[in-house]
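Note: the block below is protein-v3.txt and it holds compact mmCIF, C-alpha atoms.
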```
# COMPACT_ATOMS: atom_id res chain seq x y z
CA MET V 1 8.94 -18.58 21.31
CA LYS V 2 6.21 -18.62 18.70
CA LYS V 3 6.48 -21.17 15.91
CA PHE V 4 6.55 -19.54 12.50
CA ILE V 5 4.89 -21.03 9.44
CA LEU V 6 7.82 -21.87 7.17
CA SER V 7 8.01 -21.40 3.42
CA LYS V 8 10.67 -22.50 0.95
CA GLU V 9 11.23 -21.62 -2.69
CA LEU V 10 12.21 -23.34 -5.92
CA LEU V 11 12.90 -21.81 -9.32
CA ILE V 12 12.13 -23.70 -12.54
CA LYS V 13 14.02 -22.15 -15.44
CA ASN V 14 13.14 -21.86 -19.12
CA ILE V 15 9.43 -22.60 -18.81
CA ASN V 16 6.20 -20.61 -19.14
CA TYR V 17 3.04 -21.06 -17.13
CA ASN V 18 1.13 -23.17 -19.69
CA ASP V 19 4.08 -25.54 -20.17
CA PHE V 20 4.41 -25.88 -16.40
CA VAL V 21 0.74 -26.79 -16.01
CA SER V 22 0.96 -29.33 -18.84
CA LYS V 23 3.77 -31.13 -16.99
CA LEU V 24 1.87 -31.64 -13.74
CA THR V 25 1.41 -35.31 -14.64
CA GLY V 26 4.46 -36.86 -13.00
CA ASP V 27 2.40 -38.87 -10.52
CA TYR V 28 3.74 -42.21 -9.32
CA ASN V 29 3.90 -44.64 -6.44
CA ILE V 30 6.99 -46.30 -5.06
CA VAL V 31 7.37 -49.24 -2.71
CA GLN V 32 9.62 -48.70 0.28
CA ASP V 33 9.92 -51.19 3.13
CA GLU V 34 6.96 -53.04 1.60
CA LYS V 35 4.82 -49.90 1.85
CA GLU V 36 3.45 -47.92 -1.08
CA LEU V 37 4.27 -44.21 -1.06
CA LYS V 38 2.45 -41.74 -3.31
CA PHE V 39 3.79 -38.67 -5.07
CA LYS V 40 1.35 -36.72 -7.21
CA TRP V 41 0.25 -33.27 -8.34
CA GLY V 42 -3.21 -31.84 -7.74
CA ASN V 43 -5.03 -29.46 -10.07
CA ILE V 44 -4.11 -25.80 -10.40
CA GLU V 45 -6.63 -23.66 -8.54
CA GLU V 46 -7.22 -19.95 -8.88
CA LYS V 47 -7.49 -18.17 -5.54
CA GLU V 48 -8.26 -14.60 -4.57
CA VAL V 49 -7.05 -12.31 -1.81
CA SER V 50 -8.77 -9.00 -1.06
CA TYR V 51 -7.36 -5.89 0.59
CA PHE V 52 -8.00 -2.17 0.92
CA LEU V 53 -6.36 0.19 -1.58
CA TYR V 54 -6.47 3.97 -1.14
CA ASN V 55 -8.49 5.88 -3.75
CA GLU V 56 -6.92 9.35 -3.93
CA THR V 57 -9.71 10.78 -6.10
CA LEU V 58 -12.46 9.83 -3.66
CA ASP V 59 -10.22 10.03 -0.56
CA LYS V 60 -11.33 6.61 0.67
CA TYR V 61 -10.27 2.98 0.66
CA ASP V 62 -11.70 0.61 -1.95
CA THR V 63 -11.67 -3.16 -1.86
CA THR V 64 -9.20 -4.59 -4.38
CA ASN V 65 -8.74 -8.23 -5.38
CA LEU V 66 -5.58 -10.09 -6.42
CA ASN V 67 -5.75 -13.47 -8.15
CA PHE V 68 -3.08 -16.12 -7.82
CA ASN V 69 -2.52 -19.78 -8.69
CA LEU V 70 -2.14 -22.59 -6.19
CA VAL V 71 -1.41 -26.29 -6.62
CA LYS V 72 -1.29 -28.95 -3.92
CA ALA V 73 1.26 -31.74 -4.16
CA LYS V 74 0.81 -35.01 -2.29
CA ILE V 75 3.98 -36.48 -0.82
CA SER V 76 4.39 -39.52 1.41
CA SER V 77 6.91 -40.65 3.99
CA ILE V 78 7.32 -43.43 6.53
CA ASN V 79 7.46 -42.69 10.23
CA HIS V 80 7.84 -45.66 12.57
CA ASP V 81 6.14 -48.02 10.08
CA GLU V 82 3.29 -45.54 9.59
CA ILE V 83 2.70 -43.95 6.17
CA ILE V 84 2.34 -40.19 6.51
CA GLU V 85 0.63 -38.53 3.53
CA LYS V 86 0.78 -34.76 3.30
CA ASP V 87 -0.84 -32.29 0.90
CA VAL V 88 1.63 -29.46 0.37
CA PRO V 89 0.19 -26.12 -0.86
CA ILE V 90 2.44 -24.46 -3.44
CA LEU V 91 2.10 -20.93 -4.82
CA VAL V 92 2.87 -20.74 -8.54
CA LEU V 93 4.25 -17.37 -9.68
CA GLU V 94 5.19 -16.69 -13.30
CA ASP V 95 8.21 -14.58 -14.22
CA SER V 96 7.37 -13.95 -17.87
CA ILE V 97 10.35 -11.60 -18.36
CA ASN V 98 12.94 -14.29 -17.52
CA ASN V 99 10.71 -17.20 -18.59
CA ASN V 100 10.84 -18.81 -15.14
CA ILE V 101 8.32 -20.24 -12.70
CA GLN V 102 8.76 -19.53 -9.00
CA LEU V 103 7.29 -22.05 -6.56
CA ILE V 104 6.64 -20.99 -2.96
CA ILE V 105 6.24 -24.12 -0.86
CA LYS V 106 4.63 -24.24 2.55
CA GLY V 107 7.00 -26.41 4.58
CA ASP V 108 10.57 -27.01 5.66
CA ASN V 109 13.77 -28.02 3.86
CA ASN V 110 12.75 -31.66 3.82
CA THR V 111 9.45 -30.85 2.12
CA GLN V 112 11.26 -28.68 -0.43
CA LYS V 113 13.73 -31.49 -1.11
CA LYS V 114 10.96 -34.03 -1.74
CA ILE V 115 9.12 -31.74 -4.16
CA ARG V 116 12.35 -31.02 -6.00
CA SER V 117 13.38 -34.64 -6.20
CA LYS V 118 10.22 -36.72 -6.44
CA LEU V 119 7.99 -34.46 -8.52
CA LEU V 120 10.39 -32.17 -10.40
CA GLY V 121 12.86 -34.84 -11.49
CA LYS V 122 15.95 -33.56 -9.70
CA TYR V 123 18.06 -36.38 -8.23
CA THR V 124 15.46 -39.10 -8.80
CA SER V 125 15.67 -42.60 -10.22
CA ASN V 126 12.20 -42.32 -11.75
CA THR V 127 12.93 -42.12 -15.49
CA ARG V 128 9.50 -40.83 -16.50
CA VAL V 129 9.60 -37.91 -14.08
CA LYS V 130 13.23 -37.15 -14.91
CA ASN V 131 12.48 -37.04 -18.65
CA LEU V 132 9.43 -34.86 -18.07
CA TRP V 133 11.56 -32.07 -16.56
CA LYS V 134 14.94 -32.75 -18.19
CA GLU V 135 14.91 -29.52 -20.24
CA HIS V 136 14.46 -27.36 -17.16
CA GLU V 137 16.85 -26.54 -14.35
CA VAL V 138 15.23 -26.72 -10.91
CA GLU V 139 17.13 -24.53 -8.48
CA ILE V 140 16.99 -23.63 -4.81
CA VAL V 141 17.10 -19.84 -4.69
CA GLU V 142 20.35 -18.70 -3.09
CA LYS V 143 20.05 -14.91 -3.10
CA THR V 144 17.26 -12.51 -3.92
CA PHE V 145 17.88 -9.47 -1.72
CA ASP V 146 21.29 -8.04 -0.91
CA LEU V 147 22.48 -6.57 2.38
CA LYS V 148 21.68 -3.00 1.32
CA PHE V 149 18.00 -3.83 0.91
CA LEU V 150 17.81 -5.41 4.38
CA LEU V 151 19.64 -2.45 5.91
CA TRP V 152 17.35 -0.04 4.07
CA ILE V 153 14.31 -1.77 5.61
CA ILE V 154 15.86 -1.30 9.05
CA LYS V 155 16.46 2.36 8.18
CA MET V 156 12.79 2.82 7.22
CA TYR V 157 11.86 1.46 10.65
CA LYS V 158 14.42 3.64 12.45
CA ASP V 159 13.16 6.73 10.56
CA ASN V 160 9.53 5.90 11.46
CA ALA V 161 8.77 6.36 7.75
CA GLU V 162 5.28 6.28 6.24
CA LEU V 163 5.62 4.20 3.08
CA ALA V 164 3.40 4.40 0.02
CA PHE V 165 3.63 3.03 -3.50
CA ASP V 166 0.92 2.58 -6.10
CA ASN V 167 -1.66 3.87 -3.57
CA PHE V 168 -0.75 1.14 -1.07
CA LYS V 169 0.16 2.72 2.29
CA PHE V 170 1.93 0.92 5.11
CA LYS V 171 4.48 1.35 7.87
CA ILE V 172 7.19 -0.82 9.42
CA VAL V 173 6.46 -0.73 13.16
CA ASP V 174 8.90 -3.33 14.48
CA ILE V 175 12.14 -5.14 13.68
CA PHE V 176 11.87 -8.16 15.98
CA TYR V 177 14.54 -10.53 14.65
CA ILE V 178 17.99 -10.21 13.11
CA SER V 179 20.18 -13.11 12.04
CA ASP V 180 23.84 -13.00 11.07
CA ASN V 181 25.37 -16.21 9.72
CA GLY V 182 28.63 -14.54 8.78
CA ILE V 183 32.21 -15.28 9.65
CA TYR V 184 32.55 -12.52 12.25
CA MET V 185 30.12 -13.57 14.93
CA GLY V 186 29.14 -17.07 13.88
CA LYS V 187 25.44 -17.91 13.91
CA MET V 188 24.27 -14.86 15.81
CA LYS V 189 20.52 -14.49 16.26
CA ARG V 190 18.73 -11.89 18.37
CA THR V 191 15.01 -11.73 18.98
CA GLY V 192 12.78 -9.24 20.68
CA HIS V 193 10.06 -6.69 20.06
CA GLY V 194 10.36 -2.95 19.55
CA LYS V 195 13.11 -1.34 21.57
CA THR V 196 13.87 -4.67 23.24
CA LEU V 197 15.74 -5.59 20.07
CA THR V 198 16.75 -2.33 18.43
CA GLU V 199 18.19 -0.96 21.66
CA ASP V 200 20.32 -4.10 22.12
CA PRO V 201 24.01 -3.03 21.98
CA ILE V 202 24.91 -6.28 20.20
CA ILE V 203 22.36 -5.57 17.48
CA LYS V 204 23.69 -2.03 17.15
CA ALA V 205 27.16 -3.49 16.72
CA ILE V 206 25.90 -5.92 14.07
CA ILE V 207 24.09 -3.23 12.10
CA SER V 208 26.93 -0.73 12.37
CA SER V 209 29.84 -2.96 11.43
CA ILE V 210 29.01 -6.47 10.27
CA GLU V 211 28.24 -7.00 6.59
CA THR V 212 26.49 -10.36 6.72
CA ILE V 213 22.91 -9.93 7.94
CA ASP V 214 20.95 -12.71 6.25
CA SER V 215 17.43 -12.31 7.64
CA ILE V 216 15.29 -9.83 9.54
CA GLY V 217 11.92 -10.01 11.27
CA ILE V 218 9.49 -7.31 10.15
CA LYS V 219 6.10 -6.20 11.42
CA ILE V 220 4.06 -3.89 9.21
CA VAL V 221 0.68 -2.23 9.66
CA PHE V 222 -1.63 -0.99 6.93
CA GLU V 223 -5.30 -0.16 6.46
CA GLY V 224 -7.05 -3.35 7.44
CA GLY V 225 -4.43 -5.38 9.20
CA GLU V 226 -0.94 -6.15 10.40
CA ILE V 227 1.56 -8.69 9.12
CA GLU V 228 4.55 -10.12 10.96
CA PHE V 229 7.12 -12.20 9.08
CA ILE V 230 10.79 -13.08 8.82
CA LEU V 231 12.37 -12.17 5.49
CA HIS V 232 15.46 -14.12 4.41
CA ASP V 233 17.92 -12.79 1.85
CA THR V 234 16.86 -15.74 -0.35
CA GLY V 235 13.42 -14.12 -0.59
CA GLU V 236 11.86 -16.84 1.57
CA ILE V 237 9.26 -15.79 4.12
CA ASP V 238 8.39 -17.30 7.50
CA LEU V 239 4.94 -16.20 8.68
CA SER V 240 3.97 -15.43 12.25
CA PRO V 241 0.80 -17.23 13.39
CA GLU V 242 -0.27 -13.90 14.91
CA THR V 243 -0.58 -12.29 11.48
CA ASP V 244 -4.01 -10.76 10.99
CA VAL V 245 -5.39 -9.34 7.75
CA ARG V 246 -8.80 -7.68 8.09
CA SER V 247 -9.32 -6.43 4.57
CA PRO V 248 -12.16 -6.76 3.90
CA VAL V 249 -12.61 -10.03 5.81
CA THR V 250 -10.35 -11.42 8.50
CA LEU V 251 -7.92 -14.08 7.28
CA ARG V 252 -7.13 -16.31 10.23
CA MET V 253 -4.07 -18.55 10.13
CA ASP V 254 -6.13 -21.59 11.17
CA ILE V 255 -8.14 -21.48 7.93
CA GLU V 256 -6.55 -23.94 5.52
CA ASP V 257 -5.36 -21.76 2.65
CA ASN V 258 -4.98 -18.38 4.35
CA PRO V 259 -1.20 -18.66 4.84
CA GLU V 260 -0.82 -18.94 1.06
CA LYS V 261 -3.03 -15.90 0.55
CA ILE V 262 -0.95 -13.89 2.99
CA LEU V 263 2.32 -15.14 1.48
CA PHE V 264 1.14 -14.00 -1.95
CA PHE V 265 0.00 -10.65 -0.52
CA ILE V 266 3.43 -10.11 1.05
CA LYS V 267 5.23 -11.07 -2.16
CA LYS V 268 3.14 -8.89 -4.45
CA LYS V 269 2.16 -5.86 -2.38
CA VAL V 270 4.53 -5.58 0.57
CA LEU V 271 7.90 -6.78 -0.75
CA GLY V 272 7.09 -5.75 -4.31
CA ASN V 273 6.39 -2.17 -3.22
CA LEU V 274 9.26 -2.07 -0.73
CA PHE V 275 11.73 -3.10 -3.41
CA LYS V 276 10.38 -0.51 -5.85
CA LEU V 277 10.74 2.20 -3.19
CA PHE V 278 14.25 0.94 -2.42
CA GLN V 279 15.22 1.26 -6.11
CA LEU V 280 14.08 4.89 -6.11
CA GLU V 281 16.52 5.88 -3.35
CA LYS V 282 18.95 8.51 -4.58
CA ASN V 283 21.48 8.66 -1.72
CA LEU V 284 21.27 5.05 -0.61
CA ASN V 285 24.93 4.39 0.14
CA GLU V 286 25.37 7.62 2.10
CA ASP V 287 22.12 7.18 4.04
CA ILE V 288 23.03 3.64 5.08
CA LYS V 289 26.52 4.75 6.05
CA LEU V 290 25.06 7.48 8.30
CA MET V 291 22.58 5.05 9.86
CA LYS V 292 25.37 2.62 10.68
CA LEU V 293 27.41 5.43 12.22
CA ASP V 294 24.41 6.49 14.29
CA TYR V 295 23.96 2.96 15.59
CA LEU V 296 27.66 2.81 16.49
CA ILE V 297 27.46 6.14 18.31
CA GLU V 298 24.38 4.96 20.22
CA MET V 299 26.15 1.73 21.17
CA ILE V 300 29.21 3.59 22.49
CA LYS V 301 26.95 5.98 24.43
CA GLN V 302 25.49 2.98 26.19
CA LEU V 303 29.01 1.84 27.03
CA GLU V 304 29.79 5.34 28.29
CA GLU V 305 26.98 5.04 30.82
CA LEU V 306 28.70 1.98 32.22
CA SER V 307 32.24 3.31 32.09
CA SER V 308 34.10 6.51 32.84
CA GLU V 309 37.03 5.55 30.64
CA ILE V 310 38.44 8.42 28.55
CA VAL V 311 38.73 6.06 25.58
CA VAL V 312 34.95 6.10 25.21
CA ASP V 313 34.93 9.90 24.88
CA GLU V 314 37.69 9.73 22.30
CA LEU V 315 35.78 7.14 20.29
CA LEU V 316 32.69 9.31 20.30
CA LYS V 317 34.61 12.40 19.19
CA GLY V 318 36.02 10.50 16.22
CA LEU V 319 32.63 9.12 15.23
CA TYR V 320 30.87 12.48 15.49
CA SER V 321 33.49 14.01 13.20
CA LYS V 322 32.79 11.26 10.65
CA ARG V 323 29.05 11.87 11.04
CA ILE V 324 29.51 15.57 10.16
CA GLU V 325 31.92 15.03 7.24
```

Represent the structure contained in this file as structure tokens.
Amino acid sequence: MKKFILSKELLIKNINYNDFVSKLTGDYNIVQDEKELKFKWGNIEEKEVSYFLYNETLDKYDTTNLNFNLVKAKISSINHDEIIEKDVPILVLEDSINNNIQLIIKGDNNTQKKIRSKLLGKYTSNTRVKNLWKEHEVEIVEKTFDLKFLLWIIKMYKDNAELAFDNFKFKIVDIFYISDNGIYMGKMKRTGHGKTLTEDPIIKAIISSIETIDSIGIKIVFEGGEIEFILHDTGEIDLSPETDVRSPVTLRMDIEDNPEKILFFIKKKVLGNLFKLFQLEKNLNEDIKLMKLDYLIEMIKQLEELSSEIVVDELLKGLYSKRIE
């Protein structure tokens, strides 16, 4: 199975962008096991990602640029008496409406924990760093998208819908991963591509009846590329190394800062536009209900092929009557 590039998120409350930048001075060294470990911030850098945007007036695609801010944090650890120093790229997104800063960190839970503790003053014994951030709550994001949004994305795939918002056109061409960490089926995860996954009777059962989907794998195509990622209900994104953006130049995952560019592109253009489209839905509850019934009917049809039991026919009759109501 391919290894996804992980990202984690932190939210710093009650702070604007300029105040955040002014606090990137909490650098320090600590001695552990007679070895000196470094924790420090780099400088904020402005980066740019380019993509194709449809020009309706001229009926052609123009190159459009998005600017974003990136900072690299240096964190150290000890592994078998060896000091491991790592530069961690962090996207810095400003939420001026709520006066928050959102940090998107390339790395796993351990990396997120070290940034939160060592450099943002949460659960640290370093008085200077703690005082620097004491007026601001640093939180791990628990929930960004609810179940309805994740189910709506699956519906857009099932409907083979062409999606467009703000002249950005794209299409969901695959749902390749679904995870359910709920109480009904434990830690259920299914992976596959195309019909391998969506035709899975277990997945149909999950979508039709279980209310605890917590992440889905999505593949989208658009003018100039394709992006494959896992979206968690926390808003966190895990990127596939096979992601390819060719607009107007190819962004390969082995180039140092391209994952951050693609993460930003997904946040701003893909998820941003998906969520806006989702909010425009008029009959959302009814449409999702019908989709779930359809999945249940399809699942029972598959069972019918394997069984001649009358109970299957009776189940289908009841479900079809609900579908028509």

**OP:** Considering only C-alpha atoms, state which residue in the set V:Asn273, V:Asn55, V:Asn126, V:Ser215 is at the smallest distance from Phe170 in chain V.
**Re:** V:Asn273

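If all atoms listed in the file are the atoms counted, then among V:Ile220, V:Leu11, V:Ala73, V:Met299 the closest residue to Gly235 in chain V is V:Leu11.
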
**OP:** Extract, using only C-alpha atoms, all DNA, RNA and protein residues at most 12 Å from Lys114 in chain V, discarding same-chain residues fewer than 6 positions from it, and format them as a ChimeraX atom specification.
**Re:** /V:8,10,38-40,73-77,86,88,105,107-108,120-124

Keeping C-alpha atoms for every residue in the selection just given, could you write it to a file as a compact mmCIF listing (two decimals), in the coordinates of the input?
```txt
# COMPACT_ATOMS: atom_id res chain seq x y z
CA LYS V 8 10.67 -22.50 0.95
CA LEU V 10 12.21 -23.34 -5.92
CA LYS V 38 2.45 -41.74 -3.31
CA PHE V 39 3.79 -38.67 -5.07
CA LYS V 40 1.35 -36.72 -7.21
CA ALA V 73 1.26 -31.74 -4.16
CA LYS V 74 0.81 -35.01 -2.29
CA ILE V 75 3.98 -36.48 -0.82
CA SER V 76 4.39 -39.52 1.41
CA SER V 77 6.91 -40.65 3.99
CA LYS V 86 0.78 -34.76 3.30
CA VAL V 88 1.63 -29.46 0.37
CA ILE V 105 6.24 -24.12 -0.86
CA GLY V 107 7.00 -26.41 4.58
CA ASP V 108 10.57 -27.01 5.66
CA LEU V 120 10.39 -32.17 -10.40
CA GLY V 121 12.86 -34.84 -11.49
CA LYS V 122 15.95 -33.56 -9.70
CA TYR V 123 18.06 -36.38 -8.23
CA THR V 124 15.46 -39.10 -8.80
```

Considering all atoms listed in the file, tabulate each residue of range 32-96 of chain V that lies at most 8 Å from range 261-266 of chain V along with its nearest interatomic pair and the corresponding distance in Å to one decimal; arrange the rows by chain and ascending residue number and present them as JSON lines.
```
{"residue": "V:Lys47", "atom": "CA", "partner": "V:Lys261", "partner_atom": "CA", "distance": 7.9}
{"residue": "V:Glu48", "atom": "CA", "partner": "V:Lys261", "partner_atom": "CA", "distance": 7.4}
{"residue": "V:Val49", "atom": "CA", "partner": "V:Lys261", "partner_atom": "CA", "distance": 5.9}
{"residue": "V:Phe68", "atom": "CA", "partner": "V:Phe264", "partner_atom": "CA", "distance": 7.5}
{"residue": "V:Leu91", "atom": "CA", "partner": "V:Phe264", "partner_atom": "CA", "distance": 7.6}
```

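Using all atoms listed in the file for every distance, the candidate list V:Thr144, V:Lys118, V:Gln102, V:Leu93 yields V:Lys118 as the residue closest to Gly26 in chain V.
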
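Protein and nucleic acid residues near (-0.3, -25.5, -10.8) are Phe20, Val21, Leu24, Gly42, Asn43, Ile44, Glu45, Asn69, Leu70, Val71, Lys72, Ile90, Leu91 and Val92 of chain V, the criterion being any atom at most 8 Å away using all atoms listed in the file.
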
Original post:
Out of V:Asp174, V:Asp244, V:Asp159, V:Asp87, which residue has the shortest atom-to-atom distance to Pro259 in chain V when counting all atoms listed in the file?
Top reply: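 With all atoms listed in the file as the atom set, the closest residue is V:Asp244.
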
Point (18.4, -8.1, 0.6) neighbourhood (8 Å, all atoms listed in the file) written as a short mmCIF file (atom, residue, chain, number, x, y, z; two decimals) with C-alpha atoms, in the frame of the given file:
```cif
data_model
loop_
_atom_site.label_atom_id
_atom_site.label_comp_id
_atom_site.auth_asym_id
_atom_site.auth_seq_id
_atom_site.Cartn_x
_atom_site.Cartn_y
_atom_site.Cartn_z
CA LYS V 143 20.05 -14.91 -3.10
CA THR V 144 17.26 -12.51 -3.92
CA PHE V 145 17.88 -9.47 -1.72
CA ASP V 146 21.29 -8.04 -0.91
CA LEU V 147 22.48 -6.57 2.38
CA LYS V 148 21.68 -3.00 1.32
CA PHE V 149 18.00 -3.83 0.91
CA LEU V 150 17.81 -5.41 4.38
CA LEU V 151 19.64 -2.45 5.91
CA ASP V 214 20.95 -12.71 6.25
CA HIS V 232 15.46 -14.12 4.41
CA ASP V 233 17.92 -12.79 1.85
CA THR V 234 16.86 -15.74 -0.35
CA GLY V 235 13.42 -14.12 -0.59
#
```

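Candidate residues V:Ile178, V:Leu132, V:Ile172, V:Leu290 were compared for distance to Val270 in chain V, and the nearest is V:Ile172, using only C-alpha atoms.
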
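Between Gly272 in chain V and the residues V:Thr64, V:Val138, V:Lys13, V:Ala164, the shortest atom-to-atom distance, using all atoms listed in the file, involves V:Ala164.
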
**OP:** For CA of Lys2 in chain V and CA of Ile83 in chain V, quote the distance in Å rounded to one decimal.
**Re:**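 Answer for the CA of Lys2 in chain V to CA of Ile83 in chain V separation: 28.5 Å.
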
Subject >> Residue neighbourhood Phe4 in chain V, 9 Å, all atoms listed in the file, exclusion window fewer than 2 positions, as a PyMOL selection string >> reply: chain V and resi 2+6+229-230+238-241

Subject >> Pairwise distance for CA of Phe176 in chain V and CA of Asn110 in chain V, rounded to one decimal in Å >> reply: 26.5 Å

Subject >> Interatomic distance, CA of Tyr295 in chain V to CA of Ser208 in chain V (Å, one decimal) >> reply: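 Between CA of Tyr295 in chain V and CA of Ser208 in chain V the gap is 5.7 Å.
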
**OP:** Within 12 Å of Arg252 in chain V, counting only C-alpha atoms, which residues show up once you throw out same-chain ones fewer than 3 positions away? Write them as a list in words, please.
**Re:**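 Near neighbours after the sequence-gap exclusion: Gly225, Glu226, Ile227, Ser240, Pro241, Glu242, Thr243, Asp244, Val245, Arg246, Ser247, Val249, Ile255, Glu256, Asp257, Asn258, Pro259, Glu260, Lys261 and Ile262 of chain V.
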